[in-house]
Each structure stands twice: as C-alpha cells, then as structure tokens.
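Here is the structure we will look at.
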Amino acid sequence: MQNNYLDKLLGLIVATFFISTSGVLGRYISMPSEVIIFFRATFAMIILFVFLKYKRVDFKLKSSKHRLPFLIAGVFMGVHWVTYFYALKLSNVAIGMLSLYTFPVMTAFLEPLFLKVKFNPIYIVLGILVLLGLYILSPDFTFESTTIQGILFGLVSALCYAIRILILKQYVHQYNGVLLMFYQTIIISICLLPTLFFMDISGFQSQLPYLLLLAFLTTAIGHSLMVYSLQFFTASTTSIISSIQPIFGIILAYIFLSEIPTLNTFLGGGLILATVVIESIRSKKG
C-alpha cells in the first residue's frame, strides 16, 4: 500500500518537473505569447491524438452535459497559459513562476464553491502570507514596473489555473486524463487560431525545436500526468505537492538562462512556498 502511494507521488513529482520546463521555454522562445500557446496546444493536440488512438481510447463524451464544462475549462486553460507566458516575459522565470504558485491558496478558497467541501479558516492566514510574499517580491509597487506587471499577469494565470483544476476534478474519475488534456488543446487551438493572421510568426522556423519540446515534454506528458494524478489526491493537495515546480524552474533558469534570483525573490518566494508546506502538513493530518 505504501509503495503504491509512493509510486503515485513520484508520478506527480515527475509531472511537476516536466511542467516546470515551461518557465525556461516560455522566457526563451522569441515569439508573441498567444502565438507560442497556439503552436504549443496544436502540436500537443496532435501528439495526444496519436497516443490516444494507439491506446484505443474512446473519444466520445459520456454525456452532452459535459460539453459546456469542458469548453469553459479549455478557455480557462488557454488564458492561464497566455497570461503565464506574459508574466515570464515581463519579469523573469523566478517571479513568473512564484506569482503563478499562489494558485494552491486560490484553489483552497474556491474549492468549497465547486466541490461542496467545508471552508477552513486557516486559508485566510495562508492568504495573508501569500500577499506578504508577493509584496516582498516587488516592494516598489508601481504599474509602470514590468516586475509588477509580471506578477499581476501571474496572479490572473493562477486564478484561471485554479478554476480549471476545480472544473476538471469533477470528471477525472469518468475520463482518461490524457483525453481531458486532448479536449483542452483542441479548444485552445481553435480559440487562438486567429492570432496567426495578425501577430508576428516570422520566427517560427528557428523556434520550432523549442515549440515541439514545449508541446511534447511540458504539455503532452507533464500536464497529462498532472490531470491523471487528480484521481489520487484532492485538488488542494495536488496543487500543494506540485508547488516544488518553482524550485525546479529557478534551477533550470539558472542553468540555461543564467538568471540569478534576488534576495527579495528568495524571501517572498519562501513565504509563498511556506504556505504550501503548511497546507501540505495540514492536509496530511486531515
């Protein structure tokens, strides 16, 4: 039983590492965020389609009532990706990822509304800690600051991601996790298709290897594993365990982009990640 739990936990950690590569790739790829996400979703859609056909997974929806929730989840996922990449480009990998990782607390606040679980007042304390961490990340608050803009985009991204997780949580026991990710990539690709006609795509050929890496490693494998893990952990616990992602991202950014986090980043990020540790321990006791 213990080994089974450790295997599932290891799968979640691997998924988190793969997803963390989005920080470096999002910062490195020199194309508009909307265009990057279109190609990311489209390439991932093709990869997932081939995999699902190979596994002979049934593509049909189990109920017509699932169409709207899946559509909404796909739109939120698309907005999450686009705003996250804006956050990365406006600030840096560390700040972009740390601001995104306010989503575990957002998830905990929103979970009672989506899944009818009881709200725990401790989330108010954790929310205050997160706000303090965000302030330390960029104490000179001015909307002209690209760092502040990056943090704000990261917060919007976090909110969209939390909502998307909570919507899909209700269906993970009925559908294959890879299939759910496939549905979302279809929706995102359709929504962002118009960007090809009015945004700069001139760098496509030179950026193709990185776009493929983003689609295959980060999206097709990482996010599918993450959705799959929702079967075994609560939405809040999944968010919390996966919050080691910024640590992976910061290490990768140091190796590949030579980005060195400031002291404020360590302090503010430490507070944000402390909320993760606190909630992880609290959830384990619960």
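FYI, nothing fancy with the structure tokens labels: chains A, B, ... in order, residues from 1 per chain, ligands from 1 as they appear.
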**Request:** Considering only C-alpha atoms, return as a PyMOL selection string whatever protein or nucleic-acid residues lie within 8 Å of A:Ala44, sequence-local ones (same chain, fewer than 4 positions apart) excluded.
**Result:** chain A and resi 40+48+182+185+215-216+219-220
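Within the 12 Å cut-off around A:Phe266, using only C-alpha atoms and omitting residues fewer than 2 positions from it on the same chain, the listed residues are Ala94, Ile95, Leu98, Gly133, Leu134, Ile136, Leu137, Ser138, Pro246, Ile247, Ile250, Ile260, Pro261, Thr262, Leu263, Asn264, Gly268, Gly269, Gly270, Leu271, Ile272, Leu273 and Ala274 of chain A.
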How would the residues just chosen look if you wrote them out with C-alpha atoms as a PDB file, in the first residue's frame?
ATOM      1  CA  ALA A  94      11.504  33.030 -10.741  1.00  0.00           C
ATOM      2  CA  ILE A  95       8.936  35.821 -10.304  1.00  0.00           C
ATOM      3  CA  LEU A  98       6.274  32.190  -7.916  1.00  0.00           C
ATOM      4  CA  GLY A 133       5.239  37.174  -0.065  1.00  0.00           C
ATOM      5  CA  LEU A 134       4.019  38.958  -3.212  1.00  0.00           C
ATOM      6  CA  ILE A 136       8.326  41.263  -0.799  1.00  0.00           C
ATOM      7  CA  LEU A 137       8.811  40.052  -4.373  1.00  0.00           C
ATOM      8  CA  SER A 138       8.384  43.640  -5.565  1.00  0.00           C
ATOM      9  CA  PRO A 246       9.107  26.988  -8.985  1.00  0.00           C
ATOM     10  CA  ILE A 247      12.195  25.415  -7.384  1.00  0.00           C
ATOM     11  CA  ILE A 250      14.526  28.543 -10.858  1.00  0.00           C
ATOM     12  CA  ILE A 260      20.080  34.592 -10.521  1.00  0.00           C
ATOM     13  CA  PRO A 261      17.175  35.327  -8.143  1.00  0.00           C
ATOM     14  CA  THR A 262      17.473  38.400  -5.870  1.00  0.00           C
ATOM     15  CA  LEU A 263      17.263  38.271  -2.082  1.00  0.00           C
ATOM     16  CA  ASN A 264      13.687  39.635  -2.288  1.00  0.00           C
ATOM     17  CA  GLY A 268       8.990  36.470  -0.965  1.00  0.00           C
ATOM     18  CA  GLY A 269       9.108  33.134  -2.731  1.00  0.00           C
ATOM     19  CA  GLY A 270       9.974  31.442   0.545  1.00  0.00           C
ATOM     20  CA  LEU A 271       6.834  32.858   2.160  1.00  0.00           C
ATOM     21  CA  ILE A 272       4.659  31.753  -0.750  1.00  0.00           C
ATOM     22  CA  LEU A 273       6.120  28.259  -0.691  1.00  0.00           C
ATOM     23  CA  ALA A 274       5.820  28.179   3.115  1.00  0.00           C
TER      24      ALA A 274
END
**Message:** Under the rule that only C-alpha atoms are counted, which of A:Phe85, A:Phe143, A:Phe248, A:Tyr254 is the nearest residue to A:Ser20?
**Reply:** A:Phe248
**Message:** List the spatial neighbours of stretch 167-170 of chain A as a list in words - criterion: any atom at most 9 Å away, only C-alpha atoms, same-chain residues fewer than 2 positions off excluded.
**Reply:**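 Surrounding residues, per the criterion: Pro69, Phe70, Ile72, Ala73, Phe114, Leu115, Ala162, Ile163, Arg164, Ile165, Val172, His173, Gln174, Leu180, Val227, Leu230, Gln231, Thr234 and Ala235 of chain A.
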Requested write-out: N, CA, C and O atoms of the selected residues, as an mmCIF file, in the first residue's frame:
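Listed below is the output, result.cif:
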data_model
loop_
_atom_site.group_PDB
_atom_site.id
_atom_site.type_symbol
_atom_site.label_atom_id
_atom_site.label_comp_id
_atom_site.auth_asym_id
_atom_site.auth_seq_id
_atom_site.Cartn_x
_atom_site.Cartn_y
_atom_site.Cartn_z
ATOM 1 N N PRO A 69 -18.896 22.440 -19.508
ATOM 2 C CA PRO A 69 -17.789 22.488 -18.535
ATOM 3 C C PRO A 69 -16.422 22.294 -19.179
ATOM 4 O O PRO A 69 -15.455 22.971 -18.805
ATOM 5 N N PHE A 70 -16.338 21.380 -20.159
ATOM 6 C CA PHE A 70 -15.056 21.142 -20.820
ATOM 7 C C PHE A 70 -14.635 22.356 -21.646
ATOM 8 O O PHE A 70 -13.453 22.698 -21.719
ATOM 9 N N ILE A 72 -15.475 25.502 -21.021
ATOM 10 C CA ILE A 72 -15.065 26.536 -20.069
ATOM 11 C C ILE A 72 -13.671 26.226 -19.511
ATOM 12 O O ILE A 72 -12.810 27.114 -19.408
ATOM 13 N N ALA A 73 -13.431 24.950 -19.164
ATOM 14 C CA ALA A 73 -12.121 24.550 -18.644
ATOM 15 C C ALA A 73 -11.022 24.799 -19.676
ATOM 16 O O ALA A 73 -9.923 25.255 -19.337
ATOM 17 N N PHE A 114 -16.936 24.926 -5.661
ATOM 18 C CA PHE A 114 -17.009 23.979 -6.773
ATOM 19 C C PHE A 114 -17.358 22.560 -6.321
ATOM 20 O O PHE A 114 -18.105 21.859 -6.993
ATOM 21 N N LEU A 115 -16.775 22.131 -5.209
ATOM 22 C CA LEU A 115 -16.869 20.725 -4.819
ATOM 23 C C LEU A 115 -17.608 20.501 -3.504
ATOM 24 O O LEU A 115 -17.623 19.410 -2.973
ATOM 25 N N ALA A 162 -6.477 27.623 -11.228
ATOM 26 C CA ALA A 162 -7.225 27.071 -10.095
ATOM 27 C C ALA A 162 -8.642 26.684 -10.514
ATOM 28 O O ALA A 162 -9.135 25.604 -10.173
ATOM 29 N N ILE A 163 -9.285 27.554 -11.276
ATOM 30 C CA ILE A 163 -10.655 27.277 -11.739
ATOM 31 C C ILE A 163 -10.660 26.070 -12.665
ATOM 32 O O ILE A 163 -11.520 25.187 -12.562
ATOM 33 N N ARG A 164 -9.682 26.010 -13.550
ATOM 34 C CA ARG A 164 -9.607 24.879 -14.490
ATOM 35 C C ARG A 164 -9.436 23.553 -13.750
ATOM 36 O O ARG A 164 -10.093 22.560 -14.060
ATOM 37 N N ILE A 165 -8.567 23.541 -12.717
ATOM 38 C CA ILE A 165 -8.350 22.324 -11.925
ATOM 39 C C ILE A 165 -9.650 21.877 -11.263
ATOM 40 O O ILE A 165 -9.998 20.696 -11.277
ATOM 41 N N VAL A 172 -12.468 13.622 -13.461
ATOM 42 C CA VAL A 172 -11.277 12.784 -13.620
ATOM 43 C C VAL A 172 -11.551 11.301 -13.401
ATOM 44 O O VAL A 172 -10.782 10.448 -13.867
ATOM 45 N N HIS A 173 -12.631 10.975 -12.704
ATOM 46 C CA HIS A 173 -12.949 9.565 -12.488
ATOM 47 C C HIS A 173 -13.777 8.979 -13.639
ATOM 48 O O HIS A 173 -13.978 7.776 -13.706
ATOM 49 N N GLN A 174 -14.249 9.846 -14.523
ATOM 50 C CA GLN A 174 -15.061 9.388 -15.653
ATOM 51 C C GLN A 174 -14.282 9.347 -16.967
ATOM 52 O O GLN A 174 -14.674 8.649 -17.892
ATOM 53 N N LEU A 180 -8.768 14.230 -21.376
ATOM 54 C CA LEU A 180 -9.174 15.549 -20.891
ATOM 55 C C LEU A 180 -8.210 16.626 -21.389
ATOM 56 O O LEU A 180 -8.625 17.721 -21.778
ATOM 57 N N VAL A 227 -3.085 15.857 -14.646
ATOM 58 C CA VAL A 227 -4.530 15.601 -14.631
ATOM 59 C C VAL A 227 -4.810 14.196 -14.112
ATOM 60 O O VAL A 227 -5.733 13.974 -13.333
ATOM 61 N N LEU A 230 -4.902 13.773 -10.355
ATOM 62 C CA LEU A 230 -6.077 14.275 -9.638
ATOM 63 C C LEU A 230 -6.974 13.143 -9.146
ATOM 64 O O LEU A 230 -7.796 13.333 -8.256
ATOM 65 N N GLN A 231 -6.821 11.950 -9.743
ATOM 66 C CA GLN A 231 -7.618 10.800 -9.310
ATOM 67 C C GLN A 231 -7.232 10.354 -7.898
ATOM 68 O O GLN A 231 -8.047 9.783 -7.181
ATOM 69 N N THR A 234 -6.577 15.163 -3.561
ATOM 70 C CA THR A 234 -7.540 16.258 -3.665
ATOM 71 C C THR A 234 -6.918 17.359 -4.522
ATOM 72 O O THR A 234 -5.693 17.428 -4.696
ATOM 73 N N ALA A 235 -7.780 18.251 -5.046
ATOM 74 C CA ALA A 235 -7.284 19.351 -5.872
ATOM 75 C C ALA A 235 -6.296 20.205 -5.086
ATOM 76 O O ALA A 235 -5.257 20.626 -5.613
#
